[in-house]
>>> print(open('coords-v2.csv').read())   # CSV, C-alpha atoms
chain,number,residue,atom,x,y,z
A,10,MET,CA,-5.8,3.8,33.9
A,11,TYR,CA,-3.7,6.5,32.2
A,12,SER,CA,-4.2,10.3,32.0
A,13,ILE,CA,-3.7,11.8,28.6
A,14,LYS,CA,-0.3,13.1,29.8
A,15,GLU,CA,0.8,9.6,31.0
A,16,LEU,CA,-0.4,7.9,27.8
A,17,SER,CA,1.4,10.6,25.8
A,18,GLU,CA,4.7,9.8,27.6
A,19,LEU,CA,4.1,6.1,27.5
A,20,ALA,CA,3.5,5.9,23.7
A,21,GLY,CA,5.7,8.8,22.6
A,22,VAL,CA,2.9,10.7,20.9
A,23,SER,CA,1.9,14.3,21.9
A,24,ALA,CA,-1.2,15.0,24.0
A,25,ARG,CA,-2.3,17.2,21.1
A,26,THR,CA,-2.3,14.2,18.8
A,27,LEU,CA,-4.4,12.2,21.3
A,28,ARG,CA,-6.9,15.0,21.5
A,29,TYR,CA,-7.1,15.1,17.7
A,30,TYR,CA,-7.6,11.3,17.6
A,31,ASP,CA,-10.5,11.8,20.0
A,32,GLN,CA,-12.0,14.6,17.9
A,33,ILE,CA,-12.0,12.5,14.7
A,34,GLY,CA,-13.3,9.4,16.5
A,35,LEU,CA,-10.1,7.4,16.0
A,36,LEU,CA,-9.3,6.9,19.7
A,37,LYS,CA,-11.8,7.9,22.3
A,38,PRO,CA,-10.8,7.9,26.0
A,39,SER,CA,-12.2,5.3,28.3
A,40,TYR,CA,-14.0,8.2,30.1
A,41,THR,CA,-13.7,12.0,30.5
A,42,SER,CA,-14.0,13.6,34.0
A,43,GLU,CA,-16.4,16.4,34.8
A,44,ALA,CA,-13.4,18.7,34.6
A,45,GLY,CA,-12.7,17.6,31.0
A,46,TYR,CA,-9.7,15.4,31.7
A,47,ARG,CA,-9.3,12.3,29.5
A,48,PHE,CA,-8.4,8.9,30.8
A,49,TYR,CA,-7.4,5.7,28.9
A,50,GLY,CA,-7.6,2.1,29.8
A,51,GLU,CA,-6.1,-1.2,28.5
A,52,TYR,CA,-8.4,-1.3,25.5
A,53,GLU,CA,-7.4,2.2,24.4
A,54,VAL,CA,-3.7,1.4,24.9
A,55,ASN,CA,-4.0,-1.6,22.6
A,56,MET,CA,-5.9,0.4,20.0
A,57,LEU,CA,-3.3,3.2,20.1
A,58,GLN,CA,-0.6,0.6,19.5
A,59,GLN,CA,-2.6,-0.6,16.4
A,60,ILE,CA,-2.9,3.0,15.2
A,61,LEU,CA,0.9,3.4,15.5
A,62,PHE,CA,1.5,0.1,13.7
A,63,TYR,CA,-0.7,1.1,10.8
A,64,ARG,CA,0.8,4.6,10.7
A,65,GLU,CA,4.3,3.0,10.5
A,66,ARG,CA,3.1,1.0,7.5
A,67,GLY,CA,2.0,4.2,5.8
A,68,MET,CA,-1.7,4.2,6.2
A,69,ASP,CA,-3.8,7.4,6.5
A,70,LEU,CA,-6.0,8.0,9.5
A,71,LYS,CA,-9.2,7.6,7.6
A,72,SER,CA,-8.2,4.1,6.4
A,73,ILE,CA,-7.0,3.1,9.9
A,74,ARG,CA,-10.3,4.2,11.5
A,75,ARG,CA,-12.2,2.1,8.9
A,76,ILE,CA,-10.1,-0.9,9.7
A,77,LEU,CA,-10.2,-0.6,13.5
A,78,TYR,CA,-13.9,-0.1,13.7
A,79,ASP,CA,-15.0,-2.7,11.3
A,80,GLU,CA,-17.2,-5.2,13.1
A,81,GLU,CA,-14.9,-8.0,11.9
A,82,PHE,CA,-11.7,-6.4,13.2
A,83,ASP,CA,-9.6,-8.9,15.2
A,84,LEU,CA,-6.8,-7.6,17.4
A,85,ALA,CA,-4.7,-10.8,17.4
A,86,GLY,CA,-5.1,-11.2,13.6
A,87,ALA,CA,-4.0,-7.6,13.1
A,88,LEU,CA,-0.9,-8.2,15.1
A,89,GLU,CA,-0.1,-11.3,13.0
A,90,GLU,CA,-0.6,-9.1,9.9
A,91,HIS,CA,1.8,-6.5,11.2
A,92,LEU,CA,4.4,-9.2,11.9
A,93,ARG,CA,4.1,-10.5,8.3
A,94,ASP,CA,4.5,-7.0,7.0
A,95,LEU,CA,7.5,-6.3,9.1
A,96,GLU,CA,9.1,-9.6,8.2
A,97,MET,CA,8.6,-8.7,4.5
A,98,GLN,CA,10.2,-5.3,5.1
A,99,LYS,CA,13.2,-7.0,6.8
A,100,ASP,CA,13.6,-9.4,4.0
A,101,ARG,CA,13.5,-6.6,1.4
A,102,ILE,CA,16.0,-4.6,3.4
A,103,ASP,CA,18.3,-7.6,3.7
A,104,ARG,CA,18.2,-8.1,0.0
A,105,LEU,CA,19.0,-4.4,-0.7
A,106,ILE,CA,21.9,-4.6,1.8
A,107,ASP,CA,23.3,-7.5,0.0
A,108,LEU,CA,22.9,-5.7,-3.3
A,109,VAL,CA,24.7,-2.6,-2.0
A,110,GLN,CA,27.5,-4.7,-0.5
A,111,ARG,CA,28.0,-6.5,-3.8
A,112,SER,CA,27.9,-3.2,-5.7
A,113,ILE,CA,30.6,-1.8,-3.5
A,114,GLN,CA,32.7,-4.9,-4.0
A,115,SER,CA,32.2,-4.7,-7.7
A,116,MET,CA,33.4,-1.1,-7.8
A,117,LYS,CA,36.5,-2.2,-6.0
A,118,GLY,CA,37.1,-5.1,-8.4
A,119,GLU,CA,36.4,-7.7,-5.7
A,120,ASP,CA,33.2,-9.0,-7.4
A,121,ASP,CA,32.2,-9.5,-11.0
A,122,MET,CA,28.7,-8.2,-11.1
A,123,SER,CA,26.8,-7.9,-14.3
A,124,ASP,CA,24.5,-5.0,-15.2
A,125,ALA,CA,21.5,-7.4,-15.0
A,126,GLU,CA,22.4,-8.4,-11.5
A,127,LYS,CA,22.4,-4.8,-10.4
A,128,PHE,CA,18.7,-4.6,-10.9
A,129,GLN,CA,17.6,-8.2,-10.2
A,130,ALA,CA,17.2,-7.7,-6.4
A,131,PHE,CA,14.7,-4.9,-7.1
A,132,LYS,CA,12.6,-7.1,-9.3
A,133,GLU,CA,12.8,-10.0,-7.0
A,134,ASN,CA,11.7,-7.8,-4.1
A,135,ALA,CA,8.7,-6.6,-6.1
A,136,VAL,CA,7.7,-10.1,-7.0
A,137,LYS,CA,8.2,-11.4,-3.4
A,138,GLN,CA,6.3,-8.5,-1.8
A,139,HIS,CA,3.4,-8.9,-4.2
A,140,GLU,CA,3.3,-12.7,-3.6
A,141,GLU,CA,3.3,-12.4,0.2
A,142,MET,CA,0.7,-9.6,0.2
A,143,TYR,CA,-1.7,-10.6,-2.6
A,144,GLY,CA,-0.5,-14.0,-3.8
A,145,GLU,CA,-3.1,-16.2,-2.1
A,146,GLU,CA,-6.0,-14.2,-3.4
A,147,ALA,CA,-4.5,-13.7,-6.8
A,148,ARG,CA,-3.9,-17.4,-7.3
A,149,ARG,CA,-7.4,-18.2,-6.2
A,150,LYS,CA,-8.9,-15.6,-8.5
A,151,TYR,CA,-6.7,-16.0,-11.6
A,152,GLY,CA,-5.0,-19.4,-11.1
A,153,ASP,CA,-1.4,-20.4,-10.6
A,154,GLU,CA,-0.5,-20.3,-14.3
A,155,ASP,CA,-1.4,-16.6,-14.8
A,156,VAL,CA,0.2,-15.5,-11.5
A,157,ASP,CA,3.4,-17.4,-12.3
A,158,ALA,CA,3.5,-16.0,-15.8
A,159,ALA,CA,3.1,-12.4,-14.4
A,160,GLN,CA,6.0,-13.0,-12.0
A,161,ARG,CA,8.2,-14.3,-14.8
A,162,LYS,CA,7.5,-11.2,-16.9
A,163,VAL,CA,8.7,-9.0,-14.1
A,164,LEU,CA,11.8,-11.1,-13.4
A,165,ASN,CA,12.7,-11.2,-17.1
A,166,MET,CA,12.3,-7.4,-17.7
A,167,THR,CA,15.2,-5.6,-19.1
A,168,GLU,CA,16.6,-2.6,-17.2
A,169,GLU,CA,14.7,-0.2,-19.4
A,170,GLU,CA,11.5,-2.2,-19.1
A,171,TYR,CA,11.7,-2.3,-15.4
A,172,GLU,CA,12.4,1.4,-15.2
A,173,ARG,CA,9.3,2.0,-17.3
A,174,PHE,CA,7.3,-0.2,-15.1
A,175,GLU,CA,8.4,1.6,-11.9
A,176,ASN,CA,7.9,5.0,-13.5
A,177,LEU,CA,4.4,4.1,-14.7
A,178,GLY,CA,3.4,3.1,-11.2
A,179,LYS,CA,4.8,6.4,-9.7
A,180,GLU,CA,3.1,8.5,-12.5
A,181,ILE,CA,-0.3,6.8,-11.9
A,182,ARG,CA,-0.1,7.5,-8.1
A,183,THR,CA,1.0,11.1,-8.7
A,184,ARG,CA,-1.8,11.8,-11.2
A,185,LEU,CA,-4.4,10.2,-8.9
A,186,LYS,CA,-3.3,12.4,-6.0
A,187,GLU,CA,-3.5,15.5,-8.2
A,188,ALA,CA,-6.9,14.5,-9.6
A,189,VAL,CA,-8.4,13.9,-6.2
A,190,LEU,CA,-7.0,17.1,-4.7
A,191,SER,CA,-8.2,19.2,-7.7
A,192,GLY,CA,-11.6,17.6,-7.6
A,193,VAL,CA,-11.8,16.5,-11.2
A,194,SER,CA,-14.4,13.9,-12.3
A,195,PRO,CA,-13.6,10.2,-12.7
A,196,ASP,CA,-15.2,10.7,-16.1
A,197,SER,CA,-12.9,13.4,-17.2
A,198,GLU,CA,-10.2,13.4,-19.9
A,199,GLU,CA,-7.5,13.3,-17.1
A,200,ALA,CA,-9.2,10.2,-15.7
A,201,GLY,CA,-9.0,8.7,-19.1
A,202,ARG,CA,-5.3,9.3,-19.3
A,203,ILE,CA,-4.8,7.7,-15.9
A,204,VAL,CA,-6.7,4.6,-17.1
A,205,ILE,CA,-4.5,4.4,-20.2
A,206,LEU,CA,-1.4,4.5,-18.1
A,207,HIS,CA,-2.9,1.9,-15.7
A,208,LYS,CA,-3.7,-0.4,-18.6
A,209,GLU,CA,-0.1,-0.2,-19.9
A,210,TRP,CA,1.2,-0.8,-16.3
A,211,LEU,CA,-1.0,-3.9,-15.9
A,212,GLY,CA,-0.1,-5.1,-19.4
A,213,MET,CA,3.6,-5.2,-18.5
A,214,THR,CA,2.9,-8.1,-16.0
A,215,TRP,CA,-0.3,-9.7,-17.2
A,216,LYS,CA,-0.2,-12.8,-19.4
A,217,ARG,CA,-3.2,-11.4,-21.4
A,218,TYR,CA,-5.0,-8.1,-20.9
A,219,THR,CA,-8.8,-8.1,-20.9
A,220,GLU,CA,-11.3,-5.4,-20.1
A,221,GLU,CA,-13.1,-7.9,-17.8
A,222,ALA,CA,-10.0,-8.5,-15.7
A,223,HIS,CA,-9.3,-4.7,-15.6
A,224,ASN,CA,-12.7,-4.1,-14.2
A,225,ALA,CA,-12.3,-6.9,-11.7
A,226,MET,CA,-9.0,-5.4,-10.5
A,227,ALA,CA,-10.8,-2.1,-10.0
A,228,ASN,CA,-13.2,-3.8,-7.6
A,229,LEU,CA,-10.3,-4.9,-5.5
A,230,TYR,CA,-9.1,-1.3,-5.1
A,231,ILE,CA,-12.1,-0.5,-3.0
A,232,SER,CA,-13.0,-3.9,-1.5
A,233,ASP,CA,-9.5,-4.9,-0.3
A,234,GLU,CA,-8.0,-2.7,2.4
A,235,ARG,CA,-4.4,-3.6,1.2
A,236,PHE,CA,-5.1,-2.3,-2.3
A,237,ARG,CA,-7.0,0.7,-1.0
A,238,ALA,CA,-4.1,1.6,1.4
A,239,TYR,CA,-1.6,1.4,-1.5
A,240,TYR,CA,-3.4,4.2,-3.4
A,241,ASP,CA,-4.7,6.1,-0.4
A,242,ARG,CA,-1.4,6.3,1.5
A,243,GLU,CA,-0.9,10.0,1.0
A,244,VAL,CA,-4.3,11.2,-0.2
A,245,PRO,CA,-7.6,9.4,0.8
A,246,GLY,CA,-9.9,8.9,-2.1
A,247,CYS,CA,-7.4,7.9,-4.8
A,248,ALA,CA,-8.4,4.2,-4.8
A,249,GLU,CA,-12.1,5.1,-5.2
A,250,PHE,CA,-11.3,7.6,-7.9
A,251,LEU,CA,-9.3,5.0,-9.8
A,252,GLU,CA,-12.1,2.4,-9.5
A,253,LYS,CA,-14.6,4.8,-10.8
A,254,ALA,CA,-12.3,6.0,-13.6
A,255,ILE,CA,-11.7,2.4,-14.7
A,256,LYS,CA,-15.4,1.6,-14.7
A,257,SER,CA,-16.1,4.7,-16.7
A,258,LYS,CA,-13.3,4.6,-19.2
A,259,VAL,CA,-12.4,1.0,-19.9
A,260,GLY,CA,-13.7,0.0,-23.3
A,261,LYS,CA,-14.2,3.6,-24.3
A,262,ILE,CA,-10.6,4.8,-24.8
A,263,GLU,CA,-7.8,3.9,-27.1
A,264,SER,CA,-4.3,3.5,-25.7
>>> encode(input="coords-v2.csv", output="structure tokens")
Amino acid sequence: MYSIKELSELAGVSARTLRYYDQIGLLKPSYTSEAGYRFYGEYEVNMLQQILFYRERGMDLKSIRRILYDEEFDLAGALEEHLRDLEMQKDRIDRLIDLVQRSIQSMKGEDDMSDAEKFQAFKENAVKQHEEMYGEEARRKYGDEDVDAAQRKVLNMTEEEYERFENLGKEIRTRLKEAVLSGVSPDSEEAGRIVILHKEWLGMTWKRYTEEAHNAMANLYISDERFRAYYDREVPGCAEFLEKAIKSKVGKIES
């Protein structure tokens, strides 16, 4: 059993943070003494480790609480998921290290690197990350042919196309955060502009765009924690806003 001070020192988080986690129902102590001192057992230690893993992966506290206290949450399965995610990050970093090394050698005249090769690693990383995170479900839902075609479209993008693809994704996330923070409606004109951008973004990788598929994708943004976490990473509510905006605007706007 650990006091709040002992757990704070063990985990490297402040006692103030642990008290806040208690207040929001994210990590309750095993018991609290009559004097008001908090104490934590093995279960709480394991849960705190999970919280820190999810925080390291960029998830907000609201999403973490929803995951940890889902009746189907499995600790061992969560650890395996963290391992897969970390291995993906390691692979991505290794690819980028190789790209930087080759770029340095190219500048020194020690390697003949084409302009296309300078951006290929970024595209390969994007495809590989998407495959490892969502590939199984995407292939089951859309079929191997459509998923493979989408990956080829990314890999075959020109430098300008890939830059547009990346910038679209960033602009969508930025507009979503601003919309949620300002309290605009998912049925607003701004929501319509976001959906238009989202349609263009999807169209850059999809073999064929359909309104039905766009609406199906919207469902994933609130039903799949991985998609929800992608949009809610900085501001909770972005995934839900996008889902409602798509349901409201798809078929009613012109791109």
>>> atom_distance(input="coords-v2.csv", atom1="CA of Arg74 in chain A", atom2="CA of Leu95 in chain A")
20.8 Å
>>> atom_distance(input="coords-v2.csv", atom1="CA of Lys137 in chain A", atom2="CA of Glu175 in chain A")
15.5 Å
>>> atom_distance(input="coords-v2.csv", atom1="CA of Glu249 in chain A", atom2="CA of Lys261 in chain A")
19.3 Å
>>> closest_residue(input="coords-v2.csv", among="A:Asp94, A:Asp107, A:Asp69, A:Glu252", to="Asp196 in chain A", atoms="all atoms listed in the file")
A:Glu252
>>> closest_residue(input="coords-v2.csv", among="A:Arg75, A:Arg47, A:Lys132, A:Lys186", to="Tyr171 in chain A", atoms="all atoms listed in the file")
A:Lys132
>>> closest_residue(input="coords-v2.csv", among="A:Leu70, A:Met213, A:Val244, A:Ile33", to="Thr167 in chain A", atoms="only C-alpha atoms")
A:Met213
>>> residues_around(input="coords-v2.csv", residues="Ala200 in chain A", least_positions_apart="5", cutoff="10 Å", atoms="all atoms listed in the file", output="PDB file with C-alpha atoms, keeping the file's coordinate frame")
ATOM      1  CA  ARG A 184      -1.800  11.800 -11.200  1.00  0.00           C
ATOM      2  CA  LEU A 185      -4.400  10.200  -8.900  1.00  0.00           C
ATOM      3  CA  ALA A 188      -6.900  14.500  -9.600  1.00  0.00           C
ATOM      4  CA  VAL A 193     -11.800  16.500 -11.200  1.00  0.00           C
ATOM      5  CA  SER A 194     -14.400  13.900 -12.300  1.00  0.00           C
ATOM      6  CA  PRO A 195     -13.600  10.200 -12.700  1.00  0.00           C
ATOM      7  CA  ILE A 205      -4.500   4.400 -20.200  1.00  0.00           C
ATOM      8  CA  LEU A 206      -1.400   4.500 -18.100  1.00  0.00           C
ATOM      9  CA  PHE A 250     -11.300   7.600  -7.900  1.00  0.00           C
ATOM     10  CA  LEU A 251      -9.300   5.000  -9.800  1.00  0.00           C
ATOM     11  CA  LYS A 253     -14.600   4.800 -10.800  1.00  0.00           C
ATOM     12  CA  ALA A 254     -12.300   6.000 -13.600  1.00  0.00           C
ATOM     13  CA  ILE A 255     -11.700   2.400 -14.700  1.00  0.00           C
ATOM     14  CA  SER A 257     -16.100   4.700 -16.700  1.00  0.00           C
ATOM     15  CA  LYS A 258     -13.300   4.600 -19.200  1.00  0.00           C
TER      16      LYS A 258
END
>>> closest_residue(input="coords-v2.csv", among="A:Glu140, A:Ser112, A:Asn224, A:His207", to="Lys179 in chain A", atoms="all atoms listed in the file")
A:His207
>>> residues_around(input="coords-v2.csv", residues="Tyr239 in chain A", least_positions_apart="3", cutoff="10 Å", atoms="all atoms listed in the file", output="MDAnalysis selection string")
chainID A and resid 67:68 182 230 234:236 242:243 247:248
>>> closest_residue(input="coords-v2.csv", among="A:Glu119, A:Asp31, A:Asp155, A:Asp103", to="Ala222 in chain A", atoms="only C-alpha atoms")
A:Asp155
>>> closest_residue(input="coords-v2.csv", among="A:Asn176, A:Thr183, A:Ser42, A:Thr214", to="Val163 in chain A", atoms="only C-alpha atoms")
A:Thr214
>>> residues_around(input="coords-v2.csv", residues="Tyr52 in chain A", least_positions_apart="3", cutoff="10 Å", atoms="only C-alpha atoms", output="number ranges by chain")
A: 38-39, 49, 55-57
>>> residues_around(input="coords-v2.csv", residues="range 18-23 of chain A", least_positions_apart="3", cutoff="9 Å", atoms="only C-alpha atoms", output="list in words")
Ile13, Lys14, Glu15, Thr26, Leu27, Arg28, Val54, Leu57, Gln58 and Leu61 of chain A
>>> build_atoms(input="coords-v2.csv", residues="range 28-48 of chain A", atoms="N, CA and C atoms", output="PDB file, in the frame of the given file")
ATOM      1  N   ARG A  28      -5.639  14.209  21.566  1.00  0.00           N
ATOM      2  CA  ARG A  28      -6.900  15.000  21.500  1.00  0.00           C
ATOM      3  C   ARG A  28      -7.471  15.017  20.134  1.00  0.00           C
ATOM      4  N   TYR A  29      -6.601  15.101  19.125  1.00  0.00           N
ATOM      5  CA  TYR A  29      -7.100  15.100  17.700  1.00  0.00           C
ATOM      6  C   TYR A  29      -7.693  13.738  17.402  1.00  0.00           C
ATOM      7  N   TYR A  30      -7.058  12.652  17.833  1.00  0.00           N
ATOM      8  CA  TYR A  30      -7.600  11.300  17.600  1.00  0.00           C
ATOM      9  C   TYR A  30      -9.003  11.192  18.216  1.00  0.00           C
ATOM     10  N   ASP A  31      -9.193  11.815  19.357  1.00  0.00           N
ATOM     11  CA  ASP A  31     -10.500  11.800  20.000  1.00  0.00           C
ATOM     12  C   ASP A  31     -11.509  12.594  19.162  1.00  0.00           C
ATOM     13  N   GLN A  32     -11.102  13.738  18.672  1.00  0.00           N
ATOM     14  CA  GLN A  32     -12.000  14.600  17.900  1.00  0.00           C
ATOM     15  C   GLN A  32     -12.504  13.924  16.625  1.00  0.00           C
ATOM     16  N   ILE A  33     -11.630  13.153  15.977  1.00  0.00           N
ATOM     17  CA  ILE A  33     -12.000  12.500  14.700  1.00  0.00           C
ATOM     18  C   ILE A  33     -12.601  11.114  14.913  1.00  0.00           C
ATOM     19  N   GLY A  34     -12.733  10.702  16.177  1.00  0.00           N
ATOM     20  CA  GLY A  34     -13.300   9.400  16.500  1.00  0.00           C
ATOM     21  C   GLY A  34     -12.402   8.232  16.231  1.00  0.00           C
ATOM     22  N   LEU A  35     -11.104   8.475  16.180  1.00  0.00           N
ATOM     23  CA  LEU A  35     -10.100   7.400  16.000  1.00  0.00           C
ATOM     24  C   LEU A  35      -9.786   6.703  17.273  1.00  0.00           C
ATOM     25  N   LEU A  36      -9.619   7.474  18.344  1.00  0.00           N
ATOM     26  CA  LEU A  36      -9.300   6.900  19.700  1.00  0.00           C
ATOM     27  C   LEU A  36      -9.991   7.712  20.733  1.00  0.00           C
ATOM     28  N   LYS A  37     -11.110   7.203  21.201  1.00  0.00           N
ATOM     29  CA  LYS A  37     -11.800   7.900  22.300  1.00  0.00           C
ATOM     30  C   LYS A  37     -11.277   7.421  23.627  1.00  0.00           C
ATOM     31  N   PRO A  38     -11.226   8.326  24.618  1.00  0.00           N
ATOM     32  CA  PRO A  38     -10.800   7.900  26.000  1.00  0.00           C
ATOM     33  C   PRO A  38     -11.796   6.984  26.595  1.00  0.00           C
ATOM     34  N   SER A  39     -11.340   6.232  27.583  1.00  0.00           N
ATOM     35  CA  SER A  39     -12.200   5.300  28.300  1.00  0.00           C
ATOM     36  C   SER A  39     -13.347   6.152  28.975  1.00  0.00           C
ATOM     37  N   TYR A  40     -12.973   7.265  29.564  1.00  0.00           N
ATOM     38  CA  TYR A  40     -14.000   8.200  30.100  1.00  0.00           C
ATOM     39  C   TYR A  40     -13.330   9.577  30.235  1.00  0.00           C
ATOM     40  N   THR A  41     -14.177  10.581  30.333  1.00  0.00           N
ATOM     41  CA  THR A  41     -13.700  12.000  30.500  1.00  0.00           C
ATOM     42  C   THR A  41     -14.347  12.501  31.805  1.00  0.00           C
ATOM     43  N   SER A  42     -13.526  13.056  32.664  1.00  0.00           N
ATOM     44  CA  SER A  42     -14.000  13.600  34.000  1.00  0.00           C
ATOM     45  C   SER A  42     -14.862  14.802  33.767  1.00  0.00           C
ATOM     46  N   GLU A  43     -15.548  15.178  34.823  1.00  0.00           N
ATOM     47  CA  GLU A  43     -16.400  16.400  34.800  1.00  0.00           C
ATOM     48  C   GLU A  43     -15.562  17.612  34.464  1.00  0.00           C
ATOM     49  N   ALA A  44     -14.293  17.574  34.843  1.00  0.00           N
ATOM     50  CA  ALA A  44     -13.400  18.700  34.600  1.00  0.00           C
ATOM     51  C   ALA A  44     -12.853  18.690  33.155  1.00  0.00           C
ATOM     52  N   GLY A  45     -13.186  17.632  32.394  1.00  0.00           N
ATOM     53  CA  GLY A  45     -12.700  17.600  31.000  1.00  0.00           C
ATOM     54  C   GLY A  45     -11.444  16.804  30.788  1.00  0.00           C
ATOM     55  N   TYR A  46     -10.941  16.117  31.819  1.00  0.00           N
ATOM     56  CA  TYR A  46      -9.700  15.400  31.700  1.00  0.00           C
ATOM     57  C   TYR A  46      -9.984  13.988  31.081  1.00  0.00           C
ATOM     58  N   ARG A  47      -9.159  13.604  30.127  1.00  0.00           N
ATOM     59  CA  ARG A  47      -9.300  12.300  29.500  1.00  0.00           C
ATOM     60  C   ARG A  47      -8.519  11.240  30.164  1.00  0.00           C
ATOM     61  N   PHE A  48      -9.101  10.009  30.235  1.00  0.00           N
ATOM     62  CA  PHE A  48      -8.400   8.900  30.800  1.00  0.00           C
ATOM     63  C   PHE A  48      -8.566   7.652  29.917  1.00  0.00           C
TER      64      PHE A  48
END
